[in-house]
>>> print(open('coords_23.pdb').read())   # PDB, N, CA and C atoms
MODEL        1
ATOM      1  N   MET A   1       0.844  -1.183   0.000
ATOM      2  CA  MET A   1       0.000   0.000   0.000
ATOM      3  C   MET A   1       0.886   1.242   0.000
ATOM      4  N   GLU A   2       0.594   2.156  -0.872
ATOM      5  CA  GLU A   2       1.356   3.375  -0.980
ATOM      6  C   GLU A   2       0.477   4.552  -0.603
ATOM      7  N   LEU A   3       1.049   5.476   0.182
ATOM      8  CA  LEU A   3       0.294   6.646   0.625
ATOM      9  C   LEU A   3       0.578   7.829  -0.286
ATOM     10  N   SER A   4      -0.451   8.637  -0.485
ATOM     11  CA  SER A   4      -0.244   9.867  -1.242
ATOM     12  C   SER A   4       0.463  10.865  -0.323
ATOM     13  N   ARG A   5       0.929  11.939  -0.888
ATOM     14  CA  ARG A   5       1.591  12.974  -0.082
ATOM     15  C   ARG A   5       0.682  13.496   1.026
ATOM     16  N   ILE A   6      -0.545  13.756   0.697
ATOM     17  CA  ILE A   6      -1.497  14.296   1.669
ATOM     18  C   ILE A   6      -1.755  13.288   2.780
ATOM     19  N   GLU A   7      -1.949  12.032   2.421
ATOM     20  CA  GLU A   7      -2.179  10.988   3.431
ATOM     21  C   GLU A   7      -0.948  10.822   4.323
ATOM     22  N   TYR A   8       0.230  10.855   3.715
ATOM     23  CA  TYR A   8       1.467  10.725   4.481
ATOM     24  C   TYR A   8       1.613  11.886   5.459
ATOM     25  N   ARG A   9       1.358  13.094   4.992
ATOM     26  CA  ARG A   9       1.461  14.287   5.844
ATOM     27  C   ARG A   9       0.475  14.199   7.010
ATOM     28  N   ARG A  10      -0.755  13.770   6.747
ATOM     29  CA  ARG A  10      -1.759  13.620   7.810
ATOM     30  C   ARG A  10      -1.329  12.564   8.822
ATOM     31  N   LEU A  11      -0.764  11.461   8.335
ATOM     32  CA  LEU A  11      -0.291  10.402   9.225
ATOM     33  C   LEU A  11       0.819  10.917  10.136
ATOM     34  N   VAL A  12       1.763  11.642   9.577
ATOM     35  CA  VAL A  12       2.862  12.202  10.362
ATOM     36  C   VAL A  12       2.332  13.181  11.401
ATOM     37  N   GLU A  13       1.402  14.033  11.015
ATOM     38  CA  GLU A  13       0.814  14.981  11.966
ATOM     39  C   GLU A  13       0.069  14.264  13.082
ATOM     40  N   ASP A  14      -0.685  13.222  12.748
ATOM     41  CA  ASP A  14      -1.417  12.456  13.761
ATOM     42  C   ASP A  14      -0.469  11.777  14.748
ATOM     43  N   VAL A  15       0.609  11.197  14.223
ATOM     44  CA  VAL A  15       1.601  10.550  15.097
ATOM     45  C   VAL A  15       2.270  11.587  15.989
ATOM     46  N   ALA A  16       2.621  12.729  15.432
ATOM     47  CA  ALA A  16       3.269  13.785  16.212
ATOM     48  C   ALA A  16       2.351  14.273  17.327
ATOM     49  N   GLU A  17       1.085  14.473  17.031
ATOM     50  CA  GLU A  17       0.122  14.909  18.047
ATOM     51  C   GLU A  17      -0.031  13.860  19.141
ATOM     52  N   ALA A  18      -0.064  12.584  18.774
ATOM     53  CA  ALA A  18      -0.205  11.511  19.760
ATOM     54  C   ALA A  18       1.017  11.446  20.669
ATOM     55  N   VAL A  19       2.198  11.569  20.092
ATOM     56  CA  VAL A  19       3.430  11.553  20.891
ATOM     57  C   VAL A  19       3.459  12.763  21.811
ATOM     58  N   LEU A  20       3.125  13.924  21.294
ATOM     59  CA  LEU A  20       3.114  15.141  22.097
ATOM     60  C   LEU A  20       2.141  15.021  23.266
ATOM     61  N   ALA A  21       0.969  14.462  23.027
ATOM     62  CA  ALA A  21      -0.027  14.291  24.086
ATOM     63  C   ALA A  21       0.501  13.377  25.197
ATOM     64  N   LYS A  22       1.302  12.381  24.847
ATOM     65  CA  LYS A  22       1.857  11.463  25.842
ATOM     66  C   LYS A  22       3.032  12.082  26.604
ATOM     67  N   VAL A  23       3.849  12.864  25.910
ATOM     68  CA  VAL A  23       5.077  13.397  26.494
ATOM     69  C   VAL A  23       4.858  14.703  27.252
ATOM     70  N   LEU A  24       3.972  15.541  26.788
ATOM     71  CA  LEU A  24       3.774  16.874  27.343
ATOM     72  C   LEU A  24       3.557  16.905  28.853
ATOM     73  N   PRO A  25       2.794  15.998  29.450
ATOM     74  CA  PRO A  25       2.625  16.063  30.905
ATOM     75  C   PRO A  25       3.928  15.893  31.697
ATOM     76  N   PHE A  26       4.930  15.308  31.098
ATOM     77  CA  PHE A  26       6.187  15.067  31.798
ATOM     78  C   PHE A  26       7.221  16.168  31.585
ATOM     79  N   VAL A  27       6.939  17.090  30.687
ATOM     80  CA  VAL A  27       7.868  18.171  30.391
ATOM     81  C   VAL A  27       7.707  19.260  31.443
ATOM     82  N   LYS A  28       8.852  19.689  32.001
ATOM     83  CA  LYS A  28       8.815  20.760  32.991
ATOM     84  C   LYS A  28       8.515  22.078  32.302
ATOM     85  N   LYS A  29       7.673  22.847  32.919
ATOM     86  CA  LYS A  29       7.360  24.155  32.368
ATOM     87  C   LYS A  29       8.475  25.121  32.750
ATOM     88  N   PRO A  30       8.915  25.947  31.800
ATOM     89  CA  PRO A  30       9.988  26.894  32.120
ATOM     90  C   PRO A  30       9.503  27.946  33.108
ATOM     91  N   LYS A  31      10.443  28.419  33.904
ATOM     92  CA  LYS A  31      10.107  29.494  34.840
ATOM     93  C   LYS A  31       9.899  30.772  34.055
ATOM     94  N   LYS A  32       9.279  31.725  34.705
ATOM     95  CA  LYS A  32       9.098  33.016  34.067
ATOM     96  C   LYS A  32      10.469  33.667  33.915
ATOM     97  N   PRO A  33      10.691  34.383  32.831
ATOM     98  CA  PRO A  33      12.010  34.976  32.594
ATOM     99  C   PRO A  33      12.518  35.836  33.743
ATOM    100  N   GLU A  34      11.648  36.591  34.382
ATOM    101  CA  GLU A  34      12.108  37.458  35.466
ATOM    102  C   GLU A  34      12.526  36.666  36.707
ATOM    103  N   GLU A  35      12.058  35.424  36.842
ATOM    104  CA  GLU A  35      12.424  34.593  37.981
ATOM    105  C   GLU A  35      13.778  33.914  37.782
ATOM    106  N   GLU A  36      14.172  33.659  36.546
ATOM    107  CA  GLU A  36      15.383  32.895  36.316
ATOM    108  C   GLU A  36      16.572  33.732  35.862
ATOM    109  N   CYS A  37      16.390  35.003  35.574
ATOM    110  CA  CYS A  37      17.472  35.844  35.071
ATOM    111  C   CYS A  37      17.894  36.891  36.085
ATOM    112  N   THR A  38      19.199  37.011  36.237
ATOM    113  CA  THR A  38      19.762  38.098  37.027
ATOM    114  C   THR A  38      20.713  38.845  36.111
ATOM    115  N   TRP A  39      20.499  40.131  35.959
ATOM    116  CA  TRP A  39      21.329  40.935  35.068
ATOM    117  C   TRP A  39      22.303  41.750  35.903
ATOM    118  N   VAL A  40      23.580  41.743  35.509
ATOM    119  CA  VAL A  40      24.611  42.454  36.254
ATOM    120  C   VAL A  40      25.319  43.443  35.339
ATOM    121  N   SER A  41      25.948  44.437  35.958
ATOM    122  CA  SER A  41      26.667  45.452  35.187
ATOM    123  C   SER A  41      27.912  44.846  34.554
ATOM    124  N   ALA A  42      28.482  45.579  33.611
ATOM    125  CA  ALA A  42      29.702  45.113  32.948
ATOM    126  C   ALA A  42      30.836  44.979  33.951
ATOM    127  N   LYS A  43      30.910  45.888  34.893
ATOM    128  CA  LYS A  43      31.968  45.840  35.909
ATOM    129  C   LYS A  43      31.856  44.568  36.746
ATOM    130  N   GLU A  44      30.648  44.272  37.223
ATOM    131  CA  GLU A  44      30.436  43.081  38.042
ATOM    132  C   GLU A  44      30.650  41.804  37.218
ATOM    133  N   ALA A  45      30.183  41.798  35.976
ATOM    134  CA  ALA A  45      30.358  40.630  35.110
ATOM    135  C   ALA A  45      31.836  40.367  34.858
ATOM    136  N   ALA A  46      32.600  41.423  34.631
ATOM    137  CA  ALA A  46      34.039  41.273  34.405
ATOM    138  C   ALA A  46      34.727  40.690  35.628
ATOM    139  N   GLN A  47      34.313  41.117  36.808
ATOM    140  CA  GLN A  47      34.889  40.573  38.039
ATOM    141  C   GLN A  47      34.561  39.093  38.197
ATOM    142  N   ILE A  48      33.347  38.703  37.824
ATOM    143  CA  ILE A  48      32.922  37.308  37.960
ATOM    144  C   ILE A  48      33.782  36.387  37.110
ATOM    145  N   ILE A  49      34.079  36.800  35.876
ATOM    146  CA  ILE A  49      34.837  35.907  34.982
ATOM    147  C   ILE A  49      36.331  36.218  34.951
ATOM    148  N   GLY A  50      36.748  37.248  35.679
ATOM    149  CA  GLY A  50      38.177  37.508  35.841
ATOM    150  C   GLY A  50      38.868  38.196  34.682
ATOM    151  N   ILE A  51      38.166  39.108  34.016
ATOM    152  CA  ILE A  51      38.795  39.908  32.964
ATOM    153  C   ILE A  51      38.462  41.368  33.224
ATOM    154  N   THR A  52      39.090  42.272  32.488
ATOM    155  CA  THR A  52      38.807  43.683  32.694
ATOM    156  C   THR A  52      37.468  44.057  32.053
ATOM    157  N   GLU A  53      36.907  45.135  32.528
ATOM    158  CA  GLU A  53      35.624  45.596  31.997
ATOM    159  C   GLU A  53      35.742  45.966  30.510
ATOM    160  N   ASP A  54      36.838  46.627  30.145
ATOM    161  CA  ASP A  54      37.047  46.997  28.739
ATOM    162  C   ASP A  54      37.112  45.767  27.841
ATOM    163  N   HIS A  55      37.831  44.740  28.300
ATOM    164  CA  HIS A  55      37.959  43.514  27.517
ATOM    165  C   HIS A  55      36.591  42.840  27.363
ATOM    166  N   LEU A  56      35.815  42.806  28.435
ATOM    167  CA  LEU A  56      34.475  42.220  28.383
ATOM    168  C   LEU A  56      33.605  42.957  27.375
ATOM    169  N   LEU A  57      33.669  44.262  27.377
ATOM    170  CA  LEU A  57      32.846  45.037  26.446
ATOM    171  C   LEU A  57      33.258  44.806  24.991
ATOM    172  N   ARG A  58      34.545  44.553  24.752
ATOM    173  CA  ARG A  58      34.986  44.220  23.393
ATOM    174  C   ARG A  58      34.464  42.850  22.967
ATOM    175  N   LEU A  59      34.316  41.941  23.940
ATOM    176  CA  LEU A  59      33.878  40.571  23.647
ATOM    177  C   LEU A  59      32.385  40.354  23.876
ATOM    178  N   LYS A  60      31.630  41.417  24.096
ATOM    179  CA  LYS A  60      30.240  41.276  24.536
ATOM    180  C   LYS A  60      29.366  40.419  23.631
ATOM    181  N   ASP A  61      29.700  40.325  22.357
ATOM    182  CA  ASP A  61      28.889  39.517  21.443
ATOM    183  C   ASP A  61      28.979  38.022  21.738
ATOM    184  N   ASN A  62      29.937  37.618  22.565
ATOM    185  CA  ASN A  62      30.062  36.213  22.966
ATOM    186  C   ASN A  62      29.161  35.882  24.159
ATOM    187  N   PHE A  63      28.484  36.869  24.705
ATOM    188  CA  PHE A  63      27.691  36.703  25.917
ATOM    189  C   PHE A  63      26.240  37.120  25.693
ATOM    190  N   THR A  64      25.383  36.672  26.607
ATOM    191  CA  THR A  64      23.991  37.113  26.597
ATOM    192  C   THR A  64      23.958  38.469  27.298
ATOM    193  N   TYR A  65      23.527  39.494  26.581
ATOM    194  CA  TYR A  65      23.495  40.832  27.167
ATOM    195  C   TYR A  65      22.322  41.631  26.625
ATOM    196  N   VAL A  66      21.997  42.694  27.350
ATOM    197  CA  VAL A  66      21.002  43.655  26.883
ATOM    198  C   VAL A  66      21.596  45.041  27.048
ATOM    199  N   LYS A  67      21.165  45.938  26.213
ATOM    200  CA  LYS A  67      21.613  47.313  26.324
ATOM    201  C   LYS A  67      20.461  48.133  26.880
ATOM    202  N   VAL A  68      20.748  48.872  27.929
ATOM    203  CA  VAL A  68      19.733  49.678  28.597
ATOM    204  C   VAL A  68      20.044  51.143  28.317
ATOM    205  N   GLY A  69      19.081  51.858  27.759
ATOM    206  CA  GLY A  69      19.293  53.267  27.463
ATOM    207  C   GLY A  69      19.583  53.479  25.989
ATOM    208  N   ASN A  70      19.907  54.753  25.657
ATOM    209  CA  ASN A  70      20.144  55.066  24.247
ATOM    210  C   ASN A  70      21.515  54.570  23.801
ATOM    211  N   SER A  71      21.778  54.660  22.509
ATOM    212  CA  SER A  71      22.981  54.048  21.952
ATOM    213  C   SER A  71      24.280  54.675  22.455
ATOM    214  N   ARG A  72      24.284  55.966  22.740
ATOM    215  CA  ARG A  72      25.512  56.610  23.185
ATOM    216  C   ARG A  72      25.779  56.407  24.670
ATOM    217  N   ASN A  73      24.792  56.642  25.475
ATOM    218  CA  ASN A  73      24.984  56.595  26.923
ATOM    219  C   ASN A  73      24.388  55.352  27.565
ATOM    220  N   GLY A  74      24.036  54.377  26.748
ATOM    221  CA  GLY A  74      23.415  53.174  27.273
ATOM    222  C   GLY A  74      24.390  52.314  28.063
ATOM    223  N   ARG A  75      23.837  51.543  28.984
ATOM    224  CA  ARG A  75      24.636  50.613  29.782
ATOM    225  C   ARG A  75      24.376  49.206  29.280
ATOM    226  N   VAL A  76      25.383  48.366  29.376
ATOM    227  CA  VAL A  76      25.254  46.978  28.966
ATOM    228  C   VAL A  76      25.117  46.120  30.217
ATOM    229  N   LYS A  77      24.105  45.276  30.230
ATOM    230  CA  LYS A  77      23.873  44.349  31.348
ATOM    231  C   LYS A  77      24.058  42.932  30.834
ATOM    232  N   PHE A  78      24.703  42.099  31.641
ATOM    233  CA  PHE A  78      24.981  40.720  31.264
ATOM    234  C   PHE A  78      24.193  39.764  32.134
ATOM    235  N   ARG A  79      23.816  38.639  31.563
ATOM    236  CA  ARG A  79      23.054  37.627  32.302
ATOM    237  C   ARG A  79      24.017  36.827  33.186
ATOM    238  N   LYS A  80      23.825  36.938  34.484
ATOM    239  CA  LYS A  80      24.754  36.355  35.450
ATOM    240  C   LYS A  80      24.809  34.831  35.366
ATOM    241  N   GLU A  81      23.679  34.190  35.148
ATOM    242  CA  GLU A  81      23.597  32.725  35.179
ATOM    243  C   GLU A  81      24.423  32.060  34.083
ATOM    244  N   THR A  82      24.665  32.757  32.988
ATOM    245  CA  THR A  82      25.353  32.122  31.858
ATOM    246  C   THR A  82      26.752  32.672  31.609
ATOM    247  N   LEU A  83      27.195  33.615  32.407
ATOM    248  CA  LEU A  83      28.480  34.274  32.165
ATOM    249  C   LEU A  83      29.654  33.306  32.078
ATOM    250  N   VAL A  84      29.838  32.507  33.122
ATOM    251  CA  VAL A  84      31.007  31.629  33.187
ATOM    252  C   VAL A  84      30.973  30.607  32.048
ATOM    253  N   GLU A  85      29.821  30.008  31.833
ATOM    254  CA  GLU A  85      29.679  29.006  30.776
ATOM    255  C   GLU A  85      29.979  29.606  29.397
ATOM    256  N   GLU A  86      29.455  30.796  29.141
ATOM    257  CA  GLU A  86      29.690  31.443  27.850
ATOM    258  C   GLU A  86      31.149  31.860  27.691
ATOM    259  N   HIS A  87      31.775  32.274  28.787
ATOM    260  CA  HIS A  87      33.186  32.662  28.734
ATOM    261  C   HIS A  87      34.047  31.445  28.390
ATOM    262  N   ILE A  88      33.789  30.320  29.042
ATOM    263  CA  ILE A  88      34.529  29.091  28.760
ATOM    264  C   ILE A  88      34.315  28.681  27.303
ATOM    265  N   HIS A  89      33.076  28.738  26.845
ATOM    266  CA  HIS A  89      32.764  28.371  25.458
ATOM    267  C   HIS A  89      33.498  29.280  24.478
ATOM    268  N   SER A  90      33.520  30.578  24.752
ATOM    269  CA  SER A  90      34.184  31.507  23.826
ATOM    270  C   SER A  90      35.689  31.279  23.807
ATOM    271  N   GLN A  91      36.264  30.865  24.940
ATOM    272  CA  GLN A  91      37.699  30.592  24.984
ATOM    273  C   GLN A  91      38.046  29.320  24.211
ATOM    274  N   LYS A  92      37.186  28.314  24.309
ATOM    275  CA  LYS A  92      37.427  27.061  23.604
ATOM    276  C   LYS A  92      37.319  27.236  22.097
ATOM    277  N   HIS A  93      36.395  28.095  21.662
ATOM    278  CA  HIS A  93      36.120  28.240  20.235
ATOM    279  C   HIS A  93      36.737  29.502  19.637
ATOM    280  N   ARG A  94      37.630  30.104  20.383
ATOM    281  CA  ARG A  94      38.292  31.300  19.892
ATOM    282  C   ARG A  94      39.216  30.910  18.744
ATOM    283  N   ARG A  95      39.199  31.693  17.725
ATOM    284  CA  ARG A  95      40.041  31.402  16.560
ATOM    285  C   ARG A  95      41.458  31.850  16.877
ATOM    286  N   ARG A  96      42.354  30.910  16.882
ATOM    287  CA  ARG A  96      43.750  31.229  17.174
ATOM    288  C   ARG A  96      44.552  31.155  15.891
ATOM    289  N   ILE A  97      45.226  32.222  15.599
ATOM    290  CA  ILE A  97      46.040  32.283  14.394
ATOM    291  C   ILE A  97      47.496  32.208  14.834
ATOM    292  N   PRO A  98      48.191  31.134  14.467
ATOM    293  CA  PRO A  98      49.584  31.018  14.880
ATOM    294  C   PRO A  98      50.441  32.062  14.187
ATOM    295  N   PRO A  99      51.486  32.538  14.853
ATOM    296  CA  PRO A  99      52.355  33.522  14.199
ATOM    297  C   PRO A  99      53.039  32.883  12.998
ATOM    298  N   SER A 100      53.256  33.705  11.973
ATOM    299  CA  SER A 100      53.915  33.145  10.782
ATOM    300  C   SER A 100      55.378  32.895  11.115
ATOM    301  N   ARG A 101      55.868  31.753  10.689
ATOM    302  CA  ARG A 101      57.250  31.371  10.973
ATOM    303  C   ARG A 101      57.980  31.186   9.649
ATOM    304  N   LYS A 102      59.112  31.799   9.580
ATOM    305  CA  LYS A 102      59.927  31.627   8.384
ATOM    306  C   LYS A 102      60.862  30.449   8.633
ATOM    307  N   THR A 103      60.920  29.572   7.673
ATOM    308  CA  THR A 103      61.825  28.442   7.779
ATOM    309  C   THR A 103      62.909  28.595   6.738
ATOM    310  N   GLU A 104      63.901  27.772   6.816
ATOM    311  CA  GLU A 104      64.979  27.828   5.849
ATOM    312  C   GLU A 104      64.490  27.500   4.456
ATOM    313  N   ASP A 105      63.446  26.648   4.374
ATOM    314  CA  ASP A 105      62.926  26.241   3.073
ATOM    315  C   ASP A 105      62.070  27.309   2.410
ATOM    316  N   THR A 106      61.575  28.285   3.239
ATOM    317  CA  THR A 106      60.687  29.309   2.713
ATOM    318  C   THR A 106      61.491  30.516   2.269
ATOM    319  N   PRO A 107      61.483  30.823   0.971
ATOM    320  CA  PRO A 107      62.207  32.014   0.523
ATOM    321  C   PRO A 107      61.523  33.284   1.014
ATOM    322  N   THR A 108      62.277  34.316   1.202
ATOM    323  CA  THR A 108      61.736  35.594   1.676
ATOM    324  C   THR A 108      60.700  36.114   0.691
ATOM    325  N   GLY A 109      59.561  36.530   1.222
ATOM    326  CA  GLY A 109      58.478  37.082   0.397
ATOM    327  C   GLY A 109      57.616  36.040  -0.265
ATOM    328  N   ALA A 110      57.775  34.782   0.076
ATOM    329  CA  ALA A 110      56.975  33.720  -0.542
ATOM    330  C   ALA A 110      55.728  33.449   0.290
ATOM    331  N   GLY A 111      54.749  34.307   0.196
ATOM    332  CA  GLY A 111      53.456  34.088   0.854
ATOM    333  C   GLY A 111      53.426  34.452   2.316
ATOM    334  N   ASN A 112      54.444  35.033   2.868
ATOM    335  CA  ASN A 112      54.420  35.433   4.292
ATOM    336  C   ASN A 112      54.269  36.897   4.434
TER     337      ASN A 112
ENDMDL
END
>>> encode(input="coords_23.pdb", output="structure tokens")
Amino acid sequence: MELSRIEYRRLVEDVAEAVLAKVLPFVKKPKKPEEECTWVSAKEAAQIIGITEDHLLRLKDNFTYVKVGNSRNGRVKFRKETLVEEHIHSQKHRRRIPPSRKTEDTPTGAGN
């Protein structure tokens, strides 16, 4: 027996709904965002992960943050719960470019 596209799609949807109905009661409901998030200043966040505030602000795109205020005088707040984990992740996945080394086999000006 071969199913048409429409029949196949309906079957998949029915199975998905049945699985969801069985699994949903066991899934934990997420907490409200205001209950699970603590936002800290750049200064405090830098102290938590052990870098300078200036360095943190240069790397801010590696972290969960919000900007409070207008673009010029706005303050950046970082999510405290994820700071350390995100810092470790950014260090592991940081692109490291080794310094170029000239060897005896490499003539001067050959691609360096």
>>> resolve_selection(input="coords_23.pdb", expression="the PyMOL selection byres (((chain A and resi 56-60 and name CA) around 12) and name CA)", output="tab-separated table (two decimals) with N, CA and C atoms, in the frame of the given file")
chain	number	residue	atom	x	y	z
A	41	SER	N	25.95	44.44	35.96
A	41	SER	CA	26.67	45.45	35.19
A	41	SER	C	27.91	44.85	34.55
A	42	ALA	N	28.48	45.58	33.61
A	42	ALA	CA	29.70	45.11	32.95
A	42	ALA	C	30.84	44.98	33.95
A	43	LYS	N	30.91	45.89	34.89
A	43	LYS	CA	31.97	45.84	35.91
A	43	LYS	C	31.86	44.57	36.75
A	44	GLU	N	30.65	44.27	37.22
A	44	GLU	CA	30.44	43.08	38.04
A	44	GLU	C	30.65	41.80	37.22
A	45	ALA	N	30.18	41.80	35.98
A	45	ALA	CA	30.36	40.63	35.11
A	45	ALA	C	31.84	40.37	34.86
A	46	ALA	N	32.60	41.42	34.63
A	46	ALA	CA	34.04	41.27	34.40
A	46	ALA	C	34.73	40.69	35.63
A	47	GLN	N	34.31	41.12	36.81
A	47	GLN	CA	34.89	40.57	38.04
A	47	GLN	C	34.56	39.09	38.20
A	48	ILE	N	33.35	38.70	37.82
A	48	ILE	CA	32.92	37.31	37.96
A	48	ILE	C	33.78	36.39	37.11
A	49	ILE	N	34.08	36.80	35.88
A	49	ILE	CA	34.84	35.91	34.98
A	49	ILE	C	36.33	36.22	34.95
A	50	GLY	N	36.75	37.25	35.68
A	50	GLY	CA	38.18	37.51	35.84
A	50	GLY	C	38.87	38.20	34.68
A	51	ILE	N	38.17	39.11	34.02
A	51	ILE	CA	38.80	39.91	32.96
A	51	ILE	C	38.46	41.37	33.22
A	52	THR	N	39.09	42.27	32.49
A	52	THR	CA	38.81	43.68	32.69
A	52	THR	C	37.47	44.06	32.05
A	53	GLU	N	36.91	45.14	32.53
A	53	GLU	CA	35.62	45.60	32.00
A	53	GLU	C	35.74	45.97	30.51
A	54	ASP	N	36.84	46.63	30.14
A	54	ASP	CA	37.05	47.00	28.74
A	54	ASP	C	37.11	45.77	27.84
A	55	HIS	N	37.83	44.74	28.30
A	55	HIS	CA	37.96	43.51	27.52
A	55	HIS	C	36.59	42.84	27.36
A	61	ASP	N	29.70	40.33	22.36
A	61	ASP	CA	28.89	39.52	21.44
A	61	ASP	C	28.98	38.02	21.74
A	62	ASN	N	29.94	37.62	22.56
A	62	ASN	CA	30.06	36.21	22.97
A	62	ASN	C	29.16	35.88	24.16
A	63	PHE	N	28.48	36.87	24.70
A	63	PHE	CA	27.69	36.70	25.92
A	63	PHE	C	26.24	37.12	25.69
A	64	THR	N	25.38	36.67	26.61
A	64	THR	CA	23.99	37.11	26.60
A	64	THR	C	23.96	38.47	27.30
A	65	TYR	N	23.53	39.49	26.58
A	65	TYR	CA	23.50	40.83	27.17
A	65	TYR	C	22.32	41.63	26.62
A	66	VAL	N	22.00	42.69	27.35
A	66	VAL	CA	21.00	43.66	26.88
A	66	VAL	C	21.60	45.04	27.05
A	67	LYS	N	21.16	45.94	26.21
A	67	LYS	CA	21.61	47.31	26.32
A	67	LYS	C	20.46	48.13	26.88
A	75	ARG	N	23.84	51.54	28.98
A	75	ARG	CA	24.64	50.61	29.78
A	75	ARG	C	24.38	49.21	29.28
A	76	VAL	N	25.38	48.37	29.38
A	76	VAL	CA	25.25	46.98	28.97
A	76	VAL	C	25.12	46.12	30.22
A	77	LYS	N	24.10	45.28	30.23
A	77	LYS	CA	23.87	44.35	31.35
A	77	LYS	C	24.06	42.93	30.83
A	78	PHE	N	24.70	42.10	31.64
A	78	PHE	CA	24.98	40.72	31.26
A	78	PHE	C	24.19	39.76	32.13
A	79	ARG	N	23.82	38.64	31.56
A	79	ARG	CA	23.05	37.63	32.30
A	79	ARG	C	24.02	36.83	33.19
A	83	LEU	N	27.20	33.62	32.41
A	83	LEU	CA	28.48	34.27	32.16
A	83	LEU	C	29.65	33.31	32.08
A	86	GLU	N	29.46	30.80	29.14
A	86	GLU	CA	29.69	31.44	27.85
A	86	GLU	C	31.15	31.86	27.69
A	87	HIS	N	31.78	32.27	28.79
A	87	HIS	CA	33.19	32.66	28.73
A	87	HIS	C	34.05	31.44	28.39
A	90	SER	N	33.52	30.58	24.75
A	90	SER	CA	34.18	31.51	23.83
A	90	SER	C	35.69	31.28	23.81
A	91	GLN	N	36.26	30.86	24.94
A	91	GLN	CA	37.70	30.59	24.98
A	91	GLN	C	38.05	29.32	24.21
A	94	ARG	N	37.63	30.10	20.38
A	94	ARG	CA	38.29	31.30	19.89
A	94	ARG	C	39.22	30.91	18.74
>>> atom_distance(input="coords_23.pdb", atom1="atom C of Cys37 (chain A)", atom2="CA of Thr82 (chain A)")
9.8 Å
>>> atom_distance(input="coords_23.pdb", atom1="atom C of Val40 (chain A)", atom2="CA of Gly74 (chain A)")
12.8 Å
>>> atom_distance(input="coords_23.pdb", atom1="CA of Ser4 (chain A)", atom2="CA of Ala16 (chain A)")
18.2 Å
>>> select_by_dssp(input="coords_23.pdb", residues="region 21-75 of chain A", states="helix (DSSP H, G or I)", output="list in words")
Ala21, Lys22, Val23, Leu24, Pro25, Phe26, Pro33, Glu34, Glu35, Glu36, Ala42, Lys43, Glu44, Ala45, Ala46, Gln47, Ile48, Ile49, Glu53, Asp54, His55, Leu56, Leu57, Arg58, Lys60, Asp61 and Asn62 of chain A
>>> write_last_selection(input="coords_23.pdb", atoms="N, CA and C atoms", output="short mmCIF file (atom, residue, chain, number, x, y, z; two decimals), in the frame of the given file")
data_model
loop_
_atom_site.label_atom_id
_atom_site.label_comp_id
_atom_site.auth_asym_id
_atom_site.auth_seq_id
_atom_site.Cartn_x
_atom_site.Cartn_y
_atom_site.Cartn_z
N ALA A 21 0.97 14.46 23.03
CA ALA A 21 -0.03 14.29 24.09
C ALA A 21 0.50 13.38 25.20
N LYS A 22 1.30 12.38 24.85
CA LYS A 22 1.86 11.46 25.84
C LYS A 22 3.03 12.08 26.60
N VAL A 23 3.85 12.86 25.91
CA VAL A 23 5.08 13.40 26.49
C VAL A 23 4.86 14.70 27.25
N LEU A 24 3.97 15.54 26.79
CA LEU A 24 3.77 16.87 27.34
C LEU A 24 3.56 16.90 28.85
N PRO A 25 2.79 16.00 29.45
CA PRO A 25 2.62 16.06 30.90
C PRO A 25 3.93 15.89 31.70
N PHE A 26 4.93 15.31 31.10
CA PHE A 26 6.19 15.07 31.80
C PHE A 26 7.22 16.17 31.58
N PRO A 33 10.69 34.38 32.83
CA PRO A 33 12.01 34.98 32.59
C PRO A 33 12.52 35.84 33.74
N GLU A 34 11.65 36.59 34.38
CA GLU A 34 12.11 37.46 35.47
C GLU A 34 12.53 36.67 36.71
N GLU A 35 12.06 35.42 36.84
CA GLU A 35 12.42 34.59 37.98
C GLU A 35 13.78 33.91 37.78
N GLU A 36 14.17 33.66 36.55
CA GLU A 36 15.38 32.90 36.32
C GLU A 36 16.57 33.73 35.86
N ALA A 42 28.48 45.58 33.61
CA ALA A 42 29.70 45.11 32.95
C ALA A 42 30.84 44.98 33.95
N LYS A 43 30.91 45.89 34.89
CA LYS A 43 31.97 45.84 35.91
C LYS A 43 31.86 44.57 36.75
N GLU A 44 30.65 44.27 37.22
CA GLU A 44 30.44 43.08 38.04
C GLU A 44 30.65 41.80 37.22
N ALA A 45 30.18 41.80 35.98
CA ALA A 45 30.36 40.63 35.11
C ALA A 45 31.84 40.37 34.86
N ALA A 46 32.60 41.42 34.63
CA ALA A 46 34.04 41.27 34.40
C ALA A 46 34.73 40.69 35.63
N GLN A 47 34.31 41.12 36.81
CA GLN A 47 34.89 40.57 38.04
C GLN A 47 34.56 39.09 38.20
N ILE A 48 33.35 38.70 37.82
CA ILE A 48 32.92 37.31 37.96
C ILE A 48 33.78 36.39 37.11
N ILE A 49 34.08 36.80 35.88
CA ILE A 49 34.84 35.91 34.98
C ILE A 49 36.33 36.22 34.95
N GLU A 53 36.91 45.14 32.53
CA GLU A 53 35.62 45.60 32.00
C GLU A 53 35.74 45.97 30.51
N ASP A 54 36.84 46.63 30.14
CA ASP A 54 37.05 47.00 28.74
C ASP A 54 37.11 45.77 27.84
N HIS A 55 37.83 44.74 28.30
CA HIS A 55 37.96 43.51 27.52
C HIS A 55 36.59 42.84 27.36
N LEU A 56 35.82 42.81 28.44
CA LEU A 56 34.48 42.22 28.38
C LEU A 56 33.60 42.96 27.38
N LEU A 57 33.67 44.26 27.38
CA LEU A 57 32.85 45.04 26.45
C LEU A 57 33.26 44.81 24.99
N ARG A 58 34.54 44.55 24.75
CA ARG A 58 34.99 44.22 23.39
C ARG A 58 34.46 42.85 22.97
N LYS A 60 31.63 41.42 24.10
CA LYS A 60 30.24 41.28 24.54
C LYS A 60 29.37 40.42 23.63
N ASP A 61 29.70 40.33 22.36
CA ASP A 61 28.89 39.52 21.44
C ASP A 61 28.98 38.02 21.74
N ASN A 62 29.94 37.62 22.56
CA ASN A 62 30.06 36.21 22.97
C ASN A 62 29.16 35.88 24.16
#
